[in-house]
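First up is the structure itself, then whatever we jot down about it.
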Amino acid sequence: MTGFDLIIFALLALFLGWKLYTVLGRRTGNERSIDPFMTKPGSAPTGTPNSEPAGRAPRLDAPANEDAPPQREERNVLPREQRQLEAVIAQSPESARKGLEAIRAADPDFDAVSFLAGAKIAFDMILSAFAAGDANGLKPLLAPEVMQQFGSAISDRLRRKETLKTTLVGIIGLELLDAEMKGPDARVKLKFISQQVNVTQDSEGRIVDGHPNEVATITDIWTFSRPVTARDPNWVLVGTESPN
């Protein structure tokens, strides 16, 4: 192999690395706080085949004028992601699909694809806020009992004077496990399979757990819920578990 060939291969590797970075992205810690379940106002439906207008969750902070509609962040589900999320729904158990229909019947604005897209964003936001010890960022996204668990873990970390750095490389798998109406509450259980880099350091910067070059594949089962009859309801994380 000539020196010229080596230069070409080096440039190609650099280009591919840059493309991977732009596709997967990484956290900087300066991201704007958003409601992950928002959809763009007036946007086209982004649901399962033959679905109606997209479902959405309102802002976490209600507008000053109670009669005014909530302002929404602009977020669309791209066609490729929509097809992937439609496949997730199609491959889910029949009971889960019937549960989505029950939620839709109780809340005509609910759209399964928009919900799944928002859940993926929420997964990243929650991981990021937990690693940063950002309790204020977690509160709007977690039910009180889950917030207590997360807050306790953050407090323990602070007491040990440790810091956690988490990089979500990507969500490589998403499964719809269950969906149901439980009284006035809609509940959806999802399984996230993600690749993460988690590094815990002590007060001196020494690594006490994890490795910056080690990518771990982690499976999380999360349940989200929202009261469909409440004004301005928000989806929140109400349960977390690990697979058997």
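Just remember, in the structure tokens the first chain shown is A, the second B, etc., residues are 1-based per chain, and ligands are 1-based in the order shown.
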Fill in: Long-range neighbours of segment 204-221 of chain A as a list in words, 6 Å cut-off, only C-alpha atoms, 5 positions minimum in chain
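Near neighbours after the sequence-gap exclusion: Leu190, Lys191, Phe192, Ile193, Ser194, Gln195, Gln196, Val197, Asn198, Val199, Thr240, Glu241 and Ser242 of chain A.
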File dump, residues just selected, N, CA, C and O atoms, as a PDB file, in the first residue's frame:
ATOM      1  N   LEU A 190     -42.735   0.488  27.914  1.00  0.00           N
ATOM      2  CA  LEU A 190     -41.784   0.368  26.806  1.00  0.00           C
ATOM      3  C   LEU A 190     -40.490  -0.281  27.281  1.00  0.00           C
ATOM      4  O   LEU A 190     -40.097  -0.117  28.437  1.00  0.00           O
ATOM      5  N   LYS A 191     -39.845  -0.984  26.365  1.00  0.00           N
ATOM      6  CA  LYS A 191     -38.502  -1.503  26.635  1.00  0.00           C
ATOM      7  C   LYS A 191     -37.511  -0.778  25.740  1.00  0.00           C
ATOM      8  O   LYS A 191     -37.625  -0.795  24.520  1.00  0.00           O
ATOM      9  N   PHE A 192     -36.543  -0.116  26.375  1.00  0.00           N
ATOM     10  CA  PHE A 192     -35.470   0.575  25.669  1.00  0.00           C
ATOM     11  C   PHE A 192     -34.199  -0.268  25.734  1.00  0.00           C
ATOM     12  O   PHE A 192     -33.784  -0.684  26.815  1.00  0.00           O
ATOM     13  N   ILE A 193     -33.591  -0.499  24.601  1.00  0.00           N
ATOM     14  CA  ILE A 193     -32.266  -1.121  24.547  1.00  0.00           C
ATOM     15  C   ILE A 193     -31.324  -0.058  24.006  1.00  0.00           C
ATOM     16  O   ILE A 193     -31.470   0.390  22.866  1.00  0.00           O
ATOM     17  N   SER A 194     -30.397   0.362  24.836  1.00  0.00           N
ATOM     18  CA  SER A 194     -29.535   1.475  24.453  1.00  0.00           C
ATOM     19  C   SER A 194     -28.077   1.136  24.664  1.00  0.00           C
ATOM     20  O   SER A 194     -27.730   0.225  25.422  1.00  0.00           O
ATOM     21  N   GLN A 195     -27.241   1.886  23.991  1.00  0.00           N
ATOM     22  CA  GLN A 195     -25.802   1.799  24.196  1.00  0.00           C
ATOM     23  C   GLN A 195     -25.357   3.078  24.876  1.00  0.00           C
ATOM     24  O   GLN A 195     -25.645   4.177  24.405  1.00  0.00           O
ATOM     25  N   GLN A 196     -24.690   2.901  26.013  1.00  0.00           N
ATOM     26  CA  GLN A 196     -24.298   4.045  26.835  1.00  0.00           C
ATOM     27  C   GLN A 196     -22.848   3.922  27.278  1.00  0.00           C
ATOM     28  O   GLN A 196     -22.314   2.815  27.388  1.00  0.00           O
ATOM     29  N   VAL A 197     -22.262   5.081  27.542  1.00  0.00           N
ATOM     30  CA  VAL A 197     -20.957   5.149  28.205  1.00  0.00           C
ATOM     31  C   VAL A 197     -21.194   5.835  29.540  1.00  0.00           C
ATOM     32  O   VAL A 197     -21.619   6.991  29.591  1.00  0.00           O
ATOM     33  N   ASN A 198     -20.972   5.097  30.634  1.00  0.00           N
ATOM     34  CA  ASN A 198     -21.190   5.629  31.981  1.00  0.00           C
ATOM     35  C   ASN A 198     -19.885   5.586  32.759  1.00  0.00           C
ATOM     36  O   ASN A 198     -19.266   4.524  32.886  1.00  0.00           O
ATOM     37  N   VAL A 199     -19.471   6.735  33.273  1.00  0.00           N
ATOM     38  CA  VAL A 199     -18.219   6.837  34.025  1.00  0.00           C
ATOM     39  C   VAL A 199     -18.485   7.597  35.321  1.00  0.00           C
ATOM     40  O   VAL A 199     -18.985   8.723  35.296  1.00  0.00           O
ATOM     41  N   THR A 240     -40.010   2.084  36.726  1.00  0.00           N
ATOM     42  CA  THR A 240     -38.827   1.583  36.052  1.00  0.00           C
ATOM     43  C   THR A 240     -38.534   0.188  36.571  1.00  0.00           C
ATOM     44  O   THR A 240     -38.767  -0.115  37.739  1.00  0.00           O
ATOM     45  N   GLU A 241     -38.031  -0.665  35.700  1.00  0.00           N
ATOM     46  CA  GLU A 241     -37.661  -2.019  36.106  1.00  0.00           C
ATOM     47  C   GLU A 241     -36.612  -2.556  35.148  1.00  0.00           C
ATOM     48  O   GLU A 241     -36.405  -2.028  34.055  1.00  0.00           O
ATOM     49  N   SER A 242     -35.940  -3.607  35.596  1.00  0.00           N
ATOM     50  CA  SER A 242     -34.948  -4.281  34.768  1.00  0.00           C
ATOM     51  C   SER A 242     -35.520  -5.623  34.339  1.00  0.00           C
ATOM     52  O   SER A 242     -36.295  -6.239  35.086  1.00  0.00           O
TER      53      SER A 242
END
Fill in: Length of the atom CA of Ala131 of chain A to atom CA of Leu164 of chain A vector [Å]
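Interatomic distance here is 5.2 Å.
Nearest to Arg159 of chain A of all the residues A:Asp109, A:Asp202, A:Glu101, A:Glu86 is A:Asp202, based on only C-alpha atoms.
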Worksheet, complete the sentence: Closest of A:Ala105, A:Leu177, A:Ala112, A:Leu168 to Met125 of chain A, counting only C-alpha atoms, is A:Leu168
Fill in: Point-to-point distance from atom CA of Gln82 of chain A to atom CA of Lys139 of chain A, Å rounded to tenths
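Computed distance, atom CA of Gln82 of chain A to atom CA of Lys139 of chain A, equals 28.6 Å.
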Practice prompt. Report the residues of segment 58-239 of chain A whose backbone DSSP state falls under strand (DSSP E), written as a PyMOL selection string.
Written response: chain A and resi 163-182+185-201+207-210+216-227+236-239
Worksheet item: Which residue, A:Ser203, A:Ser152, A:Ser92, A:Thr163, has the smallest gap to Val188 of chain A when you use only C-alpha atoms?
Response: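 Between A:Ser203, A:Ser152, A:Ser92, A:Thr163, the residue approaching Val188 of chain A most closely is A:Ser92.
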Worksheet item: Mind pulling up the distance from atom CA of Asn136 of chain A to atom CA of Leu237 of chain A?
Response: 14.8 Å
Item to complete: Can you work out which one of A:Leu176, A:Lys182, A:Ala132, A:Ala143 has the shortest atom-to-atom distance to Leu158 of chain A, counting only C-alpha atoms?
Response: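 For Leu158 of chain A, the nearest of the candidates is A:Ala132.
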Item to complete: For each of A:Gly137, A:Pro144, A:Pro79, A:Gly99, take the minimum atom-to-atom distance to Met181 of chain A, counting only C-alpha atoms, then give the residue where this is smallest.
Response: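 Nearest to Met181 of chain A: A:Gly99.
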Worksheet item: Counting only C-alpha atoms, what is within 12 Å of Ile154 of chain A, bar same-chain residues fewer than 6 positions away, as a list in words?
Response: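 Within the cut-off, the hits are Ala129, Phe130, Ala131, Ala132, Gly133, Asp134, Ala135, Leu138, Met147, Gln148, Arg160, Lys161, Glu162, Thr163 and Leu164 of chain A.
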How would you write, as a CSV table (one decimal) with N, CA, C and O atoms, in the first residue's frame, the set of residues in segment 62-156 of chain A that DSSP gives as helix (DSSP H, G or I)?
chain,number,residue,atom,x,y,z
A,79,PRO,N,-40.1,11.0,8.2
A,79,PRO,CA,-40.8,9.8,7.6
A,79,PRO,C,-40.1,8.5,7.9
A,79,PRO,O,-40.7,7.5,8.2
A,80,ARG,N,-38.7,8.5,8.0
A,80,ARG,CA,-38.0,7.2,8.3
A,80,ARG,C,-38.3,6.8,9.7
A,80,ARG,O,-38.6,5.6,9.9
A,81,GLU,N,-38.3,7.7,10.6
A,81,GLU,CA,-38.5,7.3,12.0
A,81,GLU,C,-40.0,6.9,12.2
A,81,GLU,O,-40.3,6.0,12.9
A,82,GLN,N,-40.9,7.6,11.5
A,82,GLN,CA,-42.3,7.2,11.5
A,82,GLN,C,-42.5,5.7,11.1
A,82,GLN,O,-43.2,5.0,11.8
A,83,ARG,N,-41.9,5.3,10.0
A,83,ARG,CA,-42.0,4.0,9.6
A,83,ARG,C,-41.4,3.0,10.6
A,83,ARG,O,-42.0,1.9,10.8
A,84,GLN,N,-40.3,3.4,11.2
A,84,GLN,CA,-39.7,2.5,12.3
A,84,GLN,C,-40.6,2.3,13.5
A,84,GLN,O,-40.8,1.2,14.0
A,85,LEU,N,-41.3,3.5,13.9
A,85,LEU,CA,-42.1,3.4,15.0
A,85,LEU,C,-43.4,2.7,14.7
A,85,LEU,O,-44.0,2.0,15.6
A,86,GLU,N,-43.9,2.8,13.5
A,86,GLU,CA,-45.1,2.1,13.1
A,86,GLU,C,-44.8,0.6,13.1
A,86,GLU,O,-45.7,-0.2,13.5
A,87,ALA,N,-43.6,0.2,12.8
A,87,ALA,CA,-43.2,-1.2,12.8
A,87,ALA,C,-43.1,-1.7,14.3
A,87,ALA,O,-43.5,-2.8,14.6
A,88,VAL,N,-42.7,-0.8,15.2
A,88,VAL,CA,-42.7,-1.2,16.6
A,88,VAL,C,-44.1,-1.5,17.1
A,88,VAL,O,-44.3,-2.5,17.8
A,89,ILE,N,-45.0,-0.7,16.7
A,89,ILE,CA,-46.4,-0.9,17.1
A,89,ILE,C,-47.0,-2.2,16.4
A,89,ILE,O,-47.6,-3.0,17.1
A,90,ALA,N,-46.7,-2.4,15.2
A,90,ALA,CA,-47.2,-3.5,14.5
A,90,ALA,C,-46.7,-4.8,15.0
A,90,ALA,O,-47.4,-5.9,15.0
A,94,GLU,N,-50.8,-8.2,20.8
A,94,GLU,CA,-52.2,-7.7,20.5
A,94,GLU,C,-52.8,-6.9,21.6
A,94,GLU,O,-53.5,-5.9,21.4
A,95,SER,N,-52.5,-7.4,22.8
A,95,SER,CA,-53.0,-6.7,24.0
A,95,SER,C,-52.5,-5.2,24.1
A,95,SER,O,-53.3,-4.3,24.5
A,96,ALA,N,-51.3,-5.0,23.7
A,96,ALA,CA,-50.7,-3.7,23.7
A,96,ALA,C,-51.4,-2.8,22.6
A,96,ALA,O,-51.7,-1.6,22.9
A,97,ARG,N,-51.6,-3.4,21.4
A,97,ARG,CA,-52.3,-2.6,20.4
A,97,ARG,C,-53.7,-2.3,20.8
A,97,ARG,O,-54.2,-1.2,20.5
A,98,LYS,N,-54.4,-3.2,21.4
A,98,LYS,CA,-55.8,-2.9,21.9
A,98,LYS,C,-55.7,-1.8,23.0
A,98,LYS,O,-56.7,-1.0,23.0
A,99,GLY,N,-54.7,-1.9,23.8
A,99,GLY,CA,-54.6,-0.8,24.8
A,99,GLY,C,-54.4,0.6,24.2
A,99,GLY,O,-55.0,1.5,24.7
A,100,LEU,N,-53.6,0.6,23.1
A,100,LEU,CA,-53.5,1.9,22.4
A,100,LEU,C,-54.8,2.4,21.8
A,100,LEU,O,-55.1,3.6,21.9
A,101,GLU,N,-55.6,1.4,21.4
A,101,GLU,CA,-56.9,1.8,20.8
A,101,GLU,C,-57.8,2.3,22.0
A,101,GLU,O,-58.6,3.3,21.8
A,102,ALA,N,-57.7,1.7,23.2
A,102,ALA,CA,-58.5,2.2,24.3
A,102,ALA,C,-58.0,3.6,24.7
A,102,ALA,O,-58.9,4.4,25.1
A,103,ILE,N,-56.8,3.9,24.7
A,103,ILE,CA,-56.3,5.2,25.0
A,103,ILE,C,-56.8,6.2,24.0
A,103,ILE,O,-57.2,7.3,24.3
A,104,ARG,N,-56.8,5.8,22.7
A,104,ARG,CA,-57.2,6.7,21.6
A,104,ARG,C,-58.7,7.0,21.8
A,104,ARG,O,-59.2,8.1,21.6
A,105,ALA,N,-59.5,6.0,22.3
A,105,ALA,CA,-60.9,6.2,22.5
A,105,ALA,C,-61.2,7.2,23.6
A,105,ALA,O,-62.1,8.0,23.5
A,106,ALA,N,-60.3,7.1,24.6
A,106,ALA,CA,-60.5,8.0,25.8
A,106,ALA,C,-59.9,9.4,25.5
A,106,ALA,O,-60.4,10.4,26.0
A,112,ALA,N,-50.1,7.3,18.7
A,112,ALA,CA,-49.1,6.3,19.2
A,112,ALA,C,-47.7,6.6,18.7
A,112,ALA,O,-46.7,6.6,19.5
A,113,VAL,N,-47.5,7.0,17.4
A,113,VAL,CA,-46.2,7.2,16.9
A,113,VAL,C,-45.6,8.5,17.5
A,113,VAL,O,-44.4,8.5,17.9
A,114,SER,N,-46.4,9.5,17.6
A,114,SER,CA,-45.9,10.7,18.3
A,114,SER,C,-45.5,10.5,19.7
A,114,SER,O,-44.5,11.0,20.2
A,115,PHE,N,-46.3,9.6,20.4
A,115,PHE,CA,-45.9,9.3,21.8
A,115,PHE,C,-44.6,8.5,21.8
A,115,PHE,O,-43.7,8.9,22.6
A,116,LEU,N,-44.4,7.5,21.0
A,116,LEU,CA,-43.1,6.8,21.0
A,116,LEU,C,-41.9,7.7,20.6
A,116,LEU,O,-40.8,7.6,21.3
A,117,ALA,N,-42.1,8.6,19.7
A,117,ALA,CA,-41.0,9.5,19.4
A,117,ALA,C,-40.7,10.4,20.6
A,117,ALA,O,-39.5,10.6,20.9
A,118,GLY,N,-41.7,10.9,21.3
A,118,GLY,CA,-41.5,11.7,22.5
A,118,GLY,C,-40.9,10.9,23.6
A,118,GLY,O,-40.0,11.4,24.4
A,119,ALA,N,-41.2,9.6,23.7
A,119,ALA,CA,-40.7,8.7,24.8
A,119,ALA,C,-39.2,8.6,24.6
A,119,ALA,O,-38.4,8.5,25.5
A,120,LYS,N,-38.7,8.4,23.3
A,120,LYS,CA,-37.3,8.3,23.0
A,120,LYS,C,-36.5,9.6,23.5
A,120,LYS,O,-35.4,9.5,24.1
A,121,ILE,N,-37.1,10.7,23.2
A,121,ILE,CA,-36.5,12.0,23.6
A,121,ILE,C,-36.5,12.1,25.2
A,121,ILE,O,-35.5,12.5,25.8
A,122,ALA,N,-37.6,11.7,25.8
A,122,ALA,CA,-37.7,11.7,27.2
A,122,ALA,C,-36.6,10.8,27.9
A,122,ALA,O,-36.1,11.1,28.9
A,123,PHE,N,-36.4,9.6,27.3
A,123,PHE,CA,-35.4,8.7,27.8
A,123,PHE,C,-34.0,9.4,27.8
A,123,PHE,O,-33.3,9.3,28.8
A,124,ASP,N,-33.7,10.1,26.8
A,124,ASP,CA,-32.4,10.8,26.7
A,124,ASP,C,-32.4,11.9,27.7
A,124,ASP,O,-31.4,12.1,28.5
A,125,MET,N,-33.4,12.7,27.8
A,125,MET,CA,-33.5,13.8,28.8
A,125,MET,C,-33.4,13.3,30.2
A,125,MET,O,-32.7,14.0,31.0
A,126,ILE,N,-34.0,12.2,30.5
A,126,ILE,CA,-34.0,11.8,31.9
A,126,ILE,C,-32.6,11.2,32.3
A,126,ILE,O,-32.1,11.5,33.4
A,127,LEU,N,-32.0,10.5,31.4
A,127,LEU,CA,-30.7,10.0,31.6
A,127,LEU,C,-29.7,11.2,31.8
A,127,LEU,O,-28.9,11.1,32.7
A,128,SER,N,-29.8,12.2,31.0
A,128,SER,CA,-28.9,13.3,31.0
A,128,SER,C,-29.1,14.1,32.4
A,128,SER,O,-28.1,14.4,33.0
A,129,ALA,N,-30.4,14.3,32.7
A,129,ALA,CA,-30.7,15.1,34.0
A,129,ALA,C,-30.2,14.3,35.2
A,129,ALA,O,-29.7,14.8,36.1
A,130,PHE,N,-30.4,13.0,35.2
A,130,PHE,CA,-30.0,12.1,36.3
A,130,PHE,C,-28.5,12.2,36.4
A,130,PHE,O,-27.9,12.3,37.6
A,131,ALA,N,-27.7,12.0,35.3
A,131,ALA,CA,-26.3,12.1,35.4
A,131,ALA,C,-25.8,13.4,35.9
A,131,ALA,O,-24.8,13.5,36.7
A,132,ALA,N,-26.5,14.5,35.5
A,132,ALA,CA,-26.0,15.8,35.9
A,132,ALA,C,-26.5,16.2,37.3
A,132,ALA,O,-26.1,17.2,37.9
A,135,ALA,N,-32.2,17.8,39.6
A,135,ALA,CA,-33.5,17.4,40.1
A,135,ALA,C,-34.6,18.3,39.5
A,135,ALA,O,-35.7,17.8,39.3
A,136,ASN,N,-34.3,19.6,39.3
A,136,ASN,CA,-35.4,20.4,38.7
A,136,ASN,C,-35.7,20.0,37.3
A,136,ASN,O,-36.9,20.1,36.9
A,137,GLY,N,-34.7,19.5,36.6
A,137,GLY,CA,-35.0,19.0,35.2
A,137,GLY,C,-35.8,17.7,35.2
A,137,GLY,O,-36.5,17.4,34.3
A,138,LEU,N,-35.6,16.9,36.3
A,138,LEU,CA,-36.3,15.6,36.4
A,138,LEU,C,-37.7,15.7,36.8
A,138,LEU,O,-38.6,15.0,36.4
A,139,LYS,N,-38.0,16.7,37.7
A,139,LYS,CA,-39.3,16.7,38.3
A,139,LYS,C,-40.5,16.8,37.3
A,139,LYS,O,-41.5,16.1,37.6
A,140,PRO,N,-40.5,17.5,36.2
A,140,PRO,CA,-41.6,17.6,35.3
A,140,PRO,C,-41.8,16.2,34.6
A,140,PRO,O,-42.8,16.0,34.0
A,141,LEU,N,-40.8,15.4,34.6
A,141,LEU,CA,-40.8,14.2,33.8
A,141,LEU,C,-41.1,12.9,34.6
A,141,LEU,O,-41.3,11.8,34.0
A,144,PRO,N,-44.0,11.5,41.4
A,144,PRO,CA,-43.4,11.7,42.7
A,144,PRO,C,-42.6,10.6,43.3
A,144,PRO,O,-41.5,10.7,43.8
A,145,GLU,N,-43.2,9.3,43.2
A,145,GLU,CA,-42.5,8.2,43.8
A,145,GLU,C,-41.2,7.9,43.0
A,145,GLU,O,-40.2,7.5,43.6
A,146,VAL,N,-41.2,8.0,41.7
A,146,VAL,CA,-40.0,7.8,40.9
A,146,VAL,C,-39.0,8.9,41.2
A,146,VAL,O,-37.8,8.7,41.3
A,147,MET,N,-39.5,10.1,41.3
A,147,MET,CA,-38.6,11.3,41.6
A,147,MET,C,-37.9,11.0,42.9
A,147,MET,O,-36.7,11.4,43.1
A,148,GLN,N,-38.6,10.4,43.9
A,148,GLN,CA,-38.0,10.2,45.2
A,148,GLN,C,-36.8,9.2,45.0
A,148,GLN,O,-35.8,9.3,45.6
A,149,GLN,N,-37.0,8.2,44.2
A,149,GLN,CA,-36.0,7.2,44.0
A,149,GLN,C,-34.8,7.8,43.3
A,149,GLN,O,-33.6,7.6,43.7
A,150,PHE,N,-35.0,8.6,42.2
A,150,PHE,CA,-33.9,9.2,41.5
A,150,PHE,C,-33.2,10.2,42.4
A,150,PHE,O,-32.0,10.3,42.4
A,151,GLY,N,-34.0,11.0,43.2
A,151,GLY,CA,-33.4,12.0,44.1
A,151,GLY,C,-32.6,11.4,45.1
A,151,GLY,O,-31.5,11.9,45.5
A,152,SER,N,-33.0,10.2,45.6
A,152,SER,CA,-32.2,9.5,46.6
A,152,SER,C,-30.8,9.1,46.1
A,152,SER,O,-29.8,9.2,46.7
A,153,ALA,N,-30.9,8.5,44.8
A,153,ALA,CA,-29.6,8.1,44.2
A,153,ALA,C,-28.7,9.3,43.9
A,153,ALA,O,-27.5,9.2,44.1
A,154,ILE,N,-29.3,10.4,43.6
A,154,ILE,CA,-28.5,11.6,43.3
A,154,ILE,C,-27.8,12.1,44.6
A,154,ILE,O,-26.7,12.5,44.7
A,155,SER,N,-28.6,12.1,45.7
A,155,SER,CA,-28.1,12.5,47.0
A,155,SER,C,-27.0,11.6,47.5
A,155,SER,O,-26.0,12.1,48.0
A,156,ASP,N,-27.2,10.3,47.3
A,156,ASP,CA,-26.1,9.4,47.7
A,156,ASP,C,-24.8,9.7,46.9
A,156,ASP,O,-23.7,9.7,47.5
